[in-house]
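Scroll down for the structure; my scribbles are underneath it.
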Amino acid sequence: MRTVIGNALTGAGYEVETATNGSEAIEAVAAYDPDVVTMDVEMPELGGIDAVERIMATNPTLILMLSVHTEEGTEATLDALERGAVDFLHKPDGADERTVTDLTDDVVAKVDELADANVSSIALARASASAYATRSNQEAAAGRAVAGSGNDAQVGSGGGPQASPDGPAVGPRAAAGTEIGDFPPVDLEGEYAADPVVVLGASTGGPKIVERLFERLPIELDAKVLVVQHMPAGFTERFADRLDTRSEYDVREATDGESIHPGEAVIAPGDAHLEVLSNVNGRLRVRLDDGERLHGVRPAIDVTMRTAAERVDDPLCGVVLTGMGRDGADGIEAIHAAGGRTIAQDEATSPVFGIPCQAIQTGCVDDIAPAPELVAAIVDAFDTDGETDD
């Protein structure tokens, strides 16, 4: 697998170096300062999770995890995302029609996207990883490189395709060690709208931010929350379980036809769009749709936001977080047109500023907030005291 992925990245114009285990990967990152690391969850001597937390504590880098689609692999992948990895791809395991060629094509495409992403906003992941980090004496290196792994790790320097100048802007470089990962507690004061509905959309870099948001979202707000996080089937159920253990909200993977009550949240399943069917007496009813992909993804943020804008008559707030592409921009426009409040994560704290940037460019975003202030912005969206009215 290492050779196949390395050859694919080399053929795409990247200079690739390899490491055979997690310890060597840490050393390679310090030596080459890569644009992107691809890291297998399972490696000899030092595994992927431990390697991620050490890299993020000493040389914060965009890390793409490769994982088998098993219960253990899913949990390990989510652990790696929590500790700073920015995204993941699942390896073919014979359970479906996915092939090694599919994987290598996806790796090259993802590295192309990540190589020009907002590397500096990895300060967010660094702050998250610091809680787990095993301290080392490695010093950060300067420069550019690309890295990859398949049961080992690969690192290379320079080159690679350049991003289109017409693409979304990326964030400014944050000061080293800037701790922007802590979400302060938010207390409700004053009066707030009854039966609020929140629709959250995120992609690359989103899982950790969504987790931190749920840890701080006050149950007293009594919101109904719909989450669309771009993830493959099989991963979203475990993601929902993790959120449920970290939040006062009752969080679960959405099922077809179910109702969502105040104080509950549902996660769109991988490979199914989440649509709002109705909003009656403070309860949302949703359905799942396995129809065509939108923007190349399913679930799509736009589907959930647009149906919420059409069918929710309770107070509504749409939030777009870090990620690539333009999924969510049309949904933000729809919620804004319906009279709802709209929020986008800011550039400096977005590991990838594509989705928020595209939403902001519509002119329909009411508030732009850094990651630690997202919960406060959501709460303020339902403030009925008039303090945040334009």
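Numbering starts fresh at 1 for the residues of each chain in the structure tokens, the chains themselves are lettered A, B, ... in the order given, and ligands are numbered from 1 as they appear.
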Tell me which protein, DNA and RNA residues are within 7 Å of Asp314 (chain A), counting only C-alpha atoms, leaving out same-chain ones fewer than 6 positions away, and put them as a PyMOL selection string.
-> chain A and resi 195-197
Name all residues at most 9 Å from Met65 (chain A) (count only C-alpha atoms; drop same-chain ones fewer than 3 positions away) and give them as a tab-separated table (two decimals) with C-alpha atoms, in the first residue's frame.
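Output (out-v6.tsv):
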chain	number	residue	atom	x	y	z
A	37	VAL	CA	0.86	13.74	5.88
A	38	THR	CA	-1.11	10.61	4.99
A	39	MET	CA	-1.07	8.31	7.98
A	40	ASP	CA	-2.34	4.78	8.44
A	41	VAL	CA	-4.24	4.26	11.70
A	48	GLY	CA	-1.22	6.37	13.99
A	77	THR	CA	-10.13	7.24	13.16
A	80	ALA	CA	-7.18	10.59	15.47
A	81	LEU	CA	-9.50	13.39	14.31
A	85	ALA	CA	-5.97	14.89	12.09
A	86	VAL	CA	-7.92	16.98	9.60
A	87	ASP	CA	-9.64	14.31	7.50
A	88	PHE	CA	-9.69	10.61	6.63
A	89	LEU	CA	-10.28	8.11	3.85
A	90	HIS	CA	-11.29	4.50	4.35
A	149	SER	CA	1.35	6.46	4.45
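If only C-alpha atoms are the atoms counted, then among A:Val16, A:Ala115, A:Leu46, A:Ile378 the closest residue to Val225 (chain A) is A:Ile378.
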Pick from A:Pro351, A:Gly6, A:Gly73, A:Pro315 nearest to Ala19 (chain A), counting only C-alpha atoms = A:Gly6
From region 1-135 of chain A, collect each residue whose DSSP state is strand (DSSP E or B) and return the set as a ChimeraX atom specification.
-> /A:14,16-19,36-40,62-68,87-91
Please provide as a PyMOL selection string all residues within 12 Å of Leu221 (chain A), with the sequence filter that same-chain residues fewer than 3 positions apart are discarded (counting only C-alpha atoms).
-> chain A and resi 186-198+216-218+224-225+248-249+262-264+315+375-376+378-383
Nearest to Gly22 (chain A) among A:Val36, A:Ala338, A:Ile55, A:Ile355, with distances taken over only C-alpha atoms: which residue is it?
-> A:Ile55
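As for CA of Val29 (chain A) and CA of Gly47 (chain A), they are spaced 15.3 Å apart.
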Those in region 277-380 of chain A with helix (DSSP H, G or I) from DSSP, as JSON, numbers by chain | {"A": [301, 302, 303, 304, 305, 306, 307, 308, 309, 310, 311, 329, 330, 331, 332, 333, 334, 335, 336, 337, 354, 355, 356, 357, 358, 359, 360, 371, 372, 373, 374, 375, 376, 377, 378, 379, 380]}
So how far away is CA of Asp289 (chain A) from CA of Ala308 (chain A), in Å?
->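 Taking CA of Ala308 (chain A) and CA of Asp289 (chain A), their separation equals 14.7 Å.
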If we count only C-alpha atoms, what is near Gly206 (chain A) at a cut-off of 12 Å, once residues fewer than 6 positions away on the same chain are taken out, given as a PyMOL selection string?
-> chain A and resi 78+81-82+84-88+124-125+200+212-213+227-231+239+319-324+345+349-353+355-356+371
Residue selection dump (N, CA and C atoms) as a tab-separated table (two decimals), in the first residue's frame:
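What follows is the written file selection-v6.tsv:
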chain	number	residue	atom	x	y	z
A	78	LEU	N	-11.81	8.32	14.57
A	78	LEU	CA	-12.39	9.45	15.28
A	78	LEU	C	-11.47	9.93	16.39
A	81	LEU	N	-8.93	12.08	14.65
A	81	LEU	CA	-9.50	13.39	14.31
A	81	LEU	C	-9.58	14.26	15.55
A	82	GLU	N	-9.93	13.67	16.67
A	82	GLU	CA	-10.01	14.43	17.92
A	82	GLU	C	-8.64	14.99	18.30
A	84	GLY	N	-6.25	15.84	16.27
A	84	GLY	CA	-5.68	16.82	15.36
A	84	GLY	C	-5.67	16.48	13.90
A	85	ALA	N	-5.90	15.21	13.52
A	85	ALA	CA	-5.97	14.89	12.09
A	85	ALA	C	-7.12	15.66	11.46
A	86	VAL	N	-6.94	16.08	10.20
A	86	VAL	CA	-7.92	16.98	9.60
A	86	VAL	C	-8.98	16.24	8.80
A	87	ASP	N	-8.67	15.04	8.30
A	87	ASP	CA	-9.64	14.31	7.50
A	87	ASP	C	-9.21	12.85	7.40
A	88	PHE	N	-10.03	12.02	6.75
A	88	PHE	CA	-9.69	10.61	6.63
A	88	PHE	C	-10.30	10.03	5.38
A	124	LEU	N	-5.66	25.39	15.89
A	124	LEU	CA	-6.84	24.82	16.54
A	124	LEU	C	-6.61	23.36	16.89
A	125	ALA	N	-6.11	22.62	15.92
A	125	ALA	CA	-5.84	21.21	16.17
A	125	ALA	C	-4.71	21.05	17.18
A	200	LEU	N	-26.36	22.66	11.56
A	200	LEU	CA	-24.90	22.78	11.47
A	200	LEU	C	-24.40	22.00	10.26
A	212	ARG	N	-16.43	20.11	20.12
A	212	ARG	CA	-16.24	21.18	21.10
A	212	ARG	C	-17.49	22.04	21.22
A	213	LEU	N	-18.17	22.24	20.11
A	213	LEU	CA	-19.40	23.03	20.14
A	213	LEU	C	-20.46	22.33	20.98
A	227	VAL	N	-27.33	18.06	12.29
A	227	VAL	CA	-25.91	18.16	11.94
A	227	VAL	C	-25.65	17.40	10.65
A	228	VAL	N	-25.01	18.08	9.70
A	228	VAL	CA	-24.54	17.43	8.48
A	228	VAL	C	-23.02	17.54	8.47
A	229	GLN	N	-22.35	16.44	8.76
A	229	GLN	CA	-20.89	16.36	8.73
A	229	GLN	C	-20.53	15.39	7.61
A	230	HIS	N	-19.79	15.86	6.62
A	230	HIS	CA	-19.42	14.97	5.52
A	230	HIS	C	-18.58	13.81	6.06
A	231	MET	N	-19.15	12.61	6.04
A	231	MET	CA	-18.48	11.40	6.50
A	231	MET	C	-19.06	10.22	5.74
A	239	PHE	N	-19.73	8.70	15.36
A	239	PHE	CA	-19.57	10.13	15.63
A	239	PHE	C	-20.71	10.63	16.50
A	319	VAL	N	-25.59	27.31	10.46
A	319	VAL	CA	-24.18	27.51	10.79
A	319	VAL	C	-23.32	26.67	9.85
A	320	VAL	N	-22.36	27.30	9.17
A	320	VAL	CA	-21.41	26.55	8.34
A	320	VAL	C	-20.02	26.64	8.94
A	321	LEU	N	-19.37	25.48	9.00
A	321	LEU	CA	-18.05	25.37	9.60
A	321	LEU	C	-17.04	24.98	8.54
A	322	THR	N	-15.82	24.78	8.96
A	322	THR	CA	-14.69	24.45	8.09
A	322	THR	C	-15.01	23.35	7.08
A	323	GLY	N	-14.41	23.43	5.92
A	323	GLY	CA	-14.57	22.40	4.91
A	323	GLY	C	-14.27	22.90	3.52
A	324	MET	N	-14.11	21.96	2.59
A	324	MET	CA	-13.84	22.29	1.20
A	324	MET	C	-15.13	22.39	0.40
A	345	GLN	N	-18.06	30.13	10.31
A	345	GLN	CA	-16.79	30.11	11.03
A	345	GLN	C	-15.80	31.03	10.32
A	349	THR	N	-9.67	30.45	12.09
A	349	THR	CA	-9.81	29.20	12.85
A	349	THR	C	-10.37	28.06	12.01
A	350	SER	N	-10.54	28.26	10.72
A	350	SER	CA	-11.02	27.19	9.84
A	350	SER	C	-9.83	26.46	9.23
A	351	PRO	N	-9.63	25.19	9.55
A	351	PRO	CA	-8.55	24.45	8.90
A	351	PRO	C	-8.65	24.52	7.38
A	352	VAL	N	-9.87	24.52	6.85
A	352	VAL	CA	-10.09	24.71	5.42
A	352	VAL	C	-11.24	25.71	5.27
A	353	PHE	N	-10.97	26.82	4.60
A	353	PHE	CA	-11.93	27.93	4.59
A	353	PHE	C	-12.85	27.94	3.37
A	355	ILE	N	-15.91	26.15	2.56
A	355	ILE	CA	-17.35	26.23	2.81
A	355	ILE	C	-17.74	27.56	3.46
A	356	PRO	N	-17.07	27.99	4.54
A	356	PRO	CA	-17.46	29.29	5.10
A	356	PRO	C	-17.24	30.45	4.13
A	371	ALA	N	-13.86	29.90	16.03
A	371	ALA	CA	-14.35	28.65	16.61
A	371	ALA	C	-14.77	28.76	18.07
Can you tell me, as a PyMOL selection string, what residues are no more than 6 Å from Cys317 (chain A) when counting only C-alpha atoms, ignoring any on the same chain fewer than 4 positions away?
-> chain A and resi 198+340-342
Take the residues from that selection and write them out as a compact mmCIF listing (two decimals), in the first residue's frame, keeping N, CA and C atoms.
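Generated file (again.txt):
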# COMPACT_ATOMS: atom_id res chain seq x y z
N VAL A 198 -31.42 24.59 15.10
CA VAL A 198 -30.07 24.88 14.61
C VAL A 198 -29.70 23.83 13.58
N GLY A 340 -34.19 33.45 8.92
CA GLY A 340 -33.37 32.85 9.96
C GLY A 340 -32.05 33.57 10.12
N ARG A 341 -31.33 33.22 11.16
CA ARG A 341 -30.01 33.80 11.43
C ARG A 341 -28.95 32.89 10.82
N THR A 342 -27.88 33.47 10.30
CA THR A 342 -26.84 32.67 9.66
C THR A 342 -25.47 33.02 10.22
Shortest interatomic distance to Asn279 (chain A) - which of A:Asp96, A:Glu15, A:Glu253, A:Glu258, counting only C-alpha atoms =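 For Asn279 (chain A), the nearest of the candidates is A:Glu258.
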